[in-house]
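Visitor: What follows is a single structure, and I will ask about it in a moment.
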Amino acid sequence: MVAAVLAIKFRTQRHVLERERWRIMIVVGGAVWAVVLLPWAVFGANALASQPNNVREDALVAIALIAAIGWVVVPVLITGLDDTLDPGRFAPFGVGARRIMAGLTVAAFITIPVMFFAAIFLILTLAWRDGGAVIVLVAALGVLLTLASFVFGARVAAMWSSRVLSSRRGRGAAVVVVVVGLALIVPLAFALFSDGLESVLETDVVVFLDQLAVTPIGAGMSAPNVAMQGDWWGAAWRLGELALWLLVLWGAWRANVTYSLVHPRFRGAGTRRRDDTMVAAAKVPRLERPVRSSVLSRLAPGRSGAATAVRVRLLRYWFSDPRYLANMLGVFVFPVVFVALVMPITGLDTRWAFLAPVLLAASIGWGRHNDVAYDSSALWLDVVSGRIGADVLRGRMSAIVTWALPATIAACVAVVLWTGLWSVAPALLGACVGVLGLTLGVSAVSSVVFPYRAPAPGENPLGAEVGSVGAGLVAQLVSSAATVVLLPIVILPLVLALAVDPRWAWLACIAGLVIGPATYIWGVRIAGRLYDSHSGKLLGAVT
Amino acid sequence: MSHASLGATPNPGSAAPAIALRGLTKRFGTTLAVDAIDLDIPSGSFYGMVGPNGAGKTTTLSMATGLLTPDAGTALIHGVDLWAAPDAAKRMMGVLPDGLYSFDRLTGAELISYAGLLRGLDRDTVVERRDDLLAALDLEAAGRTLVTDYSAGMTKKVALACALVHAPRVLVLDEPFEAVDPVSAGAIRRILTSFVESGGTVVMSSHVMALVERLCDRVAVVGAGRILAEGTLDDVRDGRELEERFVELVGDVTDQRDLAWLRQS
């Protein structure tokens, strides 16, 4: 059965590479990059070998911690787990978890990241070469067990996260946890870093790493150091603990496989709604709508029935579809990391906090550069309903603005309250509105011109197809380039207001409040026209 | 649609075929999916499109409804070029595609309203037609449930309602009876038949020959991206069962191997 499972994996990967040959370039590029890194590992091992034992141990435990976070976070948030061997796909064949687990386990280890980490970790064991062959052997055993725990940990984390996000209650709980976590992380970080970075590095981090060394994350890395001090029982205990941890993780993975074999992915939301919100939103009949003056209607285009309908639909999706919710929560990561980690660690002036709302606005806007593709093949209904690209784009983008604008303004208010720099407040507001409008305008166009396959409804919101990293490379590059070229127009006056003279604030405010909405409307309009001319190609591009 | 707005559309005369395809071609990589199809679907006909899997039926219907840009050729809807004047052409058409998602986070009622509002109907018309359609398709009880909780047949029915809500002149339906239970299928048959009797046109693809023989007055047999036979049902049947004729046209399974090991005794 192991051979059969492995054969499925390799044949699928071969077929994917044969169909889309450009992916070979990514694989080759990744391999070259990995090989280039290996000499650095040798260099690092040599540098560590000349350090005292406890410094070696702390460094290796820190490396293990960072790698462990990467192994959990990257598949969950960024690349998605390779779903070639999604256990659910074995369900129709009537095989039990017992029969496929061996194959899945072996397959999980035959991947490029595992090979890469195994090579790096094994090279790093050379740091213990002055202890003799037995110590290096203990070190090698430690790193291999640690790596195995990463591999199993990644599977468990990815499967649990998609299981949590597939139920309504789970989604609600996840949102609460993330919000509370974000609210706690900033004050905690500031309390921690209040004595300056150096004292943190000298005391807190060392204490933390020593604690970590006895947990499964660091146990494998610290075992050789303990052994070198002659404490063989201590080394055996650490390796044994890690082995036990591996068994627990493997058991959790297996339990998840068993579960997914008998629980086909259920897309149901399990809710009953009373009212037809579509009709409720379309309250004003078209003919009775007051005639707007031409200037006003150019600035704030009147919503047609179709645009309102699209907006109502998108708002429903934003607040109930895990794919959209994951995206909505994701945009807060970058600004919070900046304020909570980058600023205190690098000791930046508090004025840098003004960057956080700007980052938030940019993350929201740029993050929607593939917006249309989230409809998946359901967009047929919009396409067959006539030449309504302008309405579709207006509805889509205004749904984003509905939550993005309040979120951005709330971030602005929070930052101004915290820094007390009220004189620069108008500049911040202007810059944020400008950035949001600009990036949304760019995204509207990009999502119509360069759509690429997004997770389909009901799929893992955090998932990706086999090797789909790079599928949207053109879209990402073009939309990033356009964003980078355009953003200085609205950000520069804010920088001048912060760094040179607060009087720039009013220019920044006016520039942002004019340029943002103008580029937004302009982008949405162009995108609407392009939607009509590209309508016969969209369906093929997003499925 | 009023007479005033009828005059605005370029020659939607009743003499023109409901759908006229001219040299419609689509190539996917090295596969020629649709090979310069010419086809006239007369106004007022109940038209059946049959063909083996992968024959190019769905691709042809996608190009005739604005979902897929053709590599070459034109599609005229009552004389209006779909790809040159999509607004006027799409207004006349109701479409039910096969194998695509619906916006399933809306309730059934909301999805129908959504389709109506996209078509520019006013609120009162939408409410009236939505309720009529939910009742006619036996979806009233499920109208307040999200489409994501629907069975395959219910999803099909609500998508059909979306195709009907703006009272089109031409209905293009890809496998409208697939997964639909017999009671609902009867309701759909009655709706479509009376639509055709009142002067509308239905184009339907199906794999069920008995259904095509029962409903359609004209048939096209599609194979390998071409029209193999086309005409009135009796012309195409040529005195035999449609299924027999179909197999003759597209060719039977060449290797009719006997699965001896599957026999129970």
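Identifiers for the structure tokens are assigned positionally: chains receive A, B, ... in sequence, residues are indexed from 1 per chain, and ligands are indexed from 1 in the order shown.
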With a distance threshold of 7 Å and counting only C-alpha atoms, extract the residues of chain B near chain A and express them as a ChimeraX atom specification.

Guide: /B:65-69,86-87,90-91,95,100-103,105,109-110,113-114,117-120,122-123,144-146,148-149

Visitor: Running DSSP on the backbone, which parts of stretch 28-219 of chain B land in strand (DSSP E or B), as a VMD selection string?

Guide: chain B and resid 28 31 to 41 46 to 50 72 to 77 80 to 81 93 to 96 107 145 to 146 170 to 174 201 to 205 218 to 219

Visitor: Atoms to include: C-alpha atoms. Write the selected residues as a compact mmCIF listing (two decimals), in the first residue's frame.

Guide:
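Ended up saving to result08.txt:
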# COMPACT_ATOMS: atom_id res chain seq x y z
CA PHE B 28 -8.23 24.30 -26.69
CA THR B 31 -7.87 19.90 -29.46
CA LEU B 32 -10.41 21.31 -31.90
CA ALA B 33 -13.43 21.35 -29.57
CA VAL B 34 -15.85 23.01 -31.98
CA ASP B 35 -15.13 22.86 -35.70
CA ALA B 36 -16.79 25.70 -37.66
CA ILE B 37 -20.35 24.84 -36.68
CA ASP B 38 -23.19 26.34 -38.74
CA LEU B 39 -26.61 25.91 -37.19
CA ASP B 40 -30.02 27.58 -37.39
CA ILE B 41 -32.42 27.12 -34.51
CA PHE B 46 -38.11 23.06 -28.91
CA TYR B 47 -34.63 22.14 -29.98
CA GLY B 48 -32.67 19.18 -28.69
CA MET B 49 -28.91 18.97 -28.85
CA VAL B 50 -27.50 15.51 -28.31
CA ALA B 72 -13.92 32.40 -35.05
CA GLY B 73 -17.53 32.70 -36.19
CA THR B 74 -20.62 34.51 -35.01
CA ALA B 75 -23.71 33.76 -32.94
CA LEU B 76 -26.87 35.68 -33.84
CA ILE B 77 -29.76 35.80 -31.37
CA VAL B 80 -28.57 40.31 -33.14
CA ASP B 81 -24.86 39.51 -33.10
CA MET B 93 -31.70 34.90 -23.56
CA GLY B 94 -32.13 32.83 -20.44
CA VAL B 95 -29.23 30.52 -19.69
CA LEU B 96 -28.80 27.42 -17.52
CA THR B 107 -30.92 31.68 -0.22
CA THR B 145 -32.51 28.05 2.88
CA LEU B 146 -29.05 28.80 1.55
CA VAL B 170 -34.84 32.10 -25.98
CA LEU B 171 -33.90 29.57 -23.30
CA VAL B 172 -30.56 27.78 -23.57
CA LEU B 173 -30.51 24.92 -21.07
CA ASP B 174 -27.59 22.55 -20.58
CA THR B 201 -37.67 28.97 -28.16
CA VAL B 202 -35.97 26.32 -26.02
CA VAL B 203 -32.57 24.83 -26.79
CA MET B 204 -31.77 21.92 -24.54
CA SER B 205 -28.85 19.54 -24.39
CA ARG B 218 -36.04 19.48 -33.84
CA VAL B 219 -32.75 17.77 -33.02

Visitor: Contacts of A:Leu144 at 12 Å or less, counting only C-alpha atoms, minus same-chain residues fewer than 2 places along, as a ChimeraX atom specification?

Guide: /A:64,109,114-115,117-125,137-142,146-151,219-221,239,242-243,246

Visitor: If I take atom CA of B:Val222 and atom CA of B:Asp258, how far is one from the other in Å, to one decimal?

Guide: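 Spanning atom CA of B:Val222 to atom CA of B:Asp258 is a straight-line distance of 28.6 Å.
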
Visitor: Within 7 Å of stretch 125-138 of chain B, counting only C-alpha atoms, which residues qualify if same-chain residues fewer than 2 places away don't, as a ChimeraX atom specification?

Guide: /B:109,112-113,116,121-123,140,143,157,161,165,184,187

Visitor: Could you go through stretch 41-99 of chain B and tell me which residues DSSP, when run on the backbone, assigns to alpha helix (DSSP H), listing them as a PyMOL selection string?

Guide: chain B and resi 57-65+86-91

Visitor: Which residues come within 12 Å of stretch 515-519 of chain A, counting only C-alpha atoms, excluding same-chain residues fewer than 6 positions away, as a PyMOL selection string?

Guide: chain A and resi 298-301+361-362+365+397-398+401+405+429-445+483+486-491+507-509+525-527

Visitor: I'd like the neighbourhood of stretch 332-341 of chain A as a ChimeraX atom specification, where a residue qualifies if any of its atoms comes within 6 Å (using only C-alpha atoms), though same-chain residues fewer than 6 positions away should be ignored.

Guide: /A:186,189,356,359-360

Visitor: Work out how far atom CA of A:Ser423 is from atom CA of A:Pro502, in Å to one decimal.

Guide: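 Separation of atom CA of A:Pro502 and atom CA of A:Ser423: 6.2 Å.
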
Visitor: Taking only C-alpha atoms into account, which of A:Lys9, A:Ala157, A:Leu65, A:Val106 comes nearest A:Leu85?

Guide: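 Among the listed residues, A:Lys9 lies closest to A:Leu85.
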
Visitor: For B:Leu242, work out the shell of residues within 8 Å, counting only C-alpha atoms and skipping chain neighbours fewer than 3 positions away, then give it as a list in words.

Guide: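 The contact residues come out as Met209, Ala210, Glu213, Val236, Arg237, Arg245 and Phe246 of chain B.
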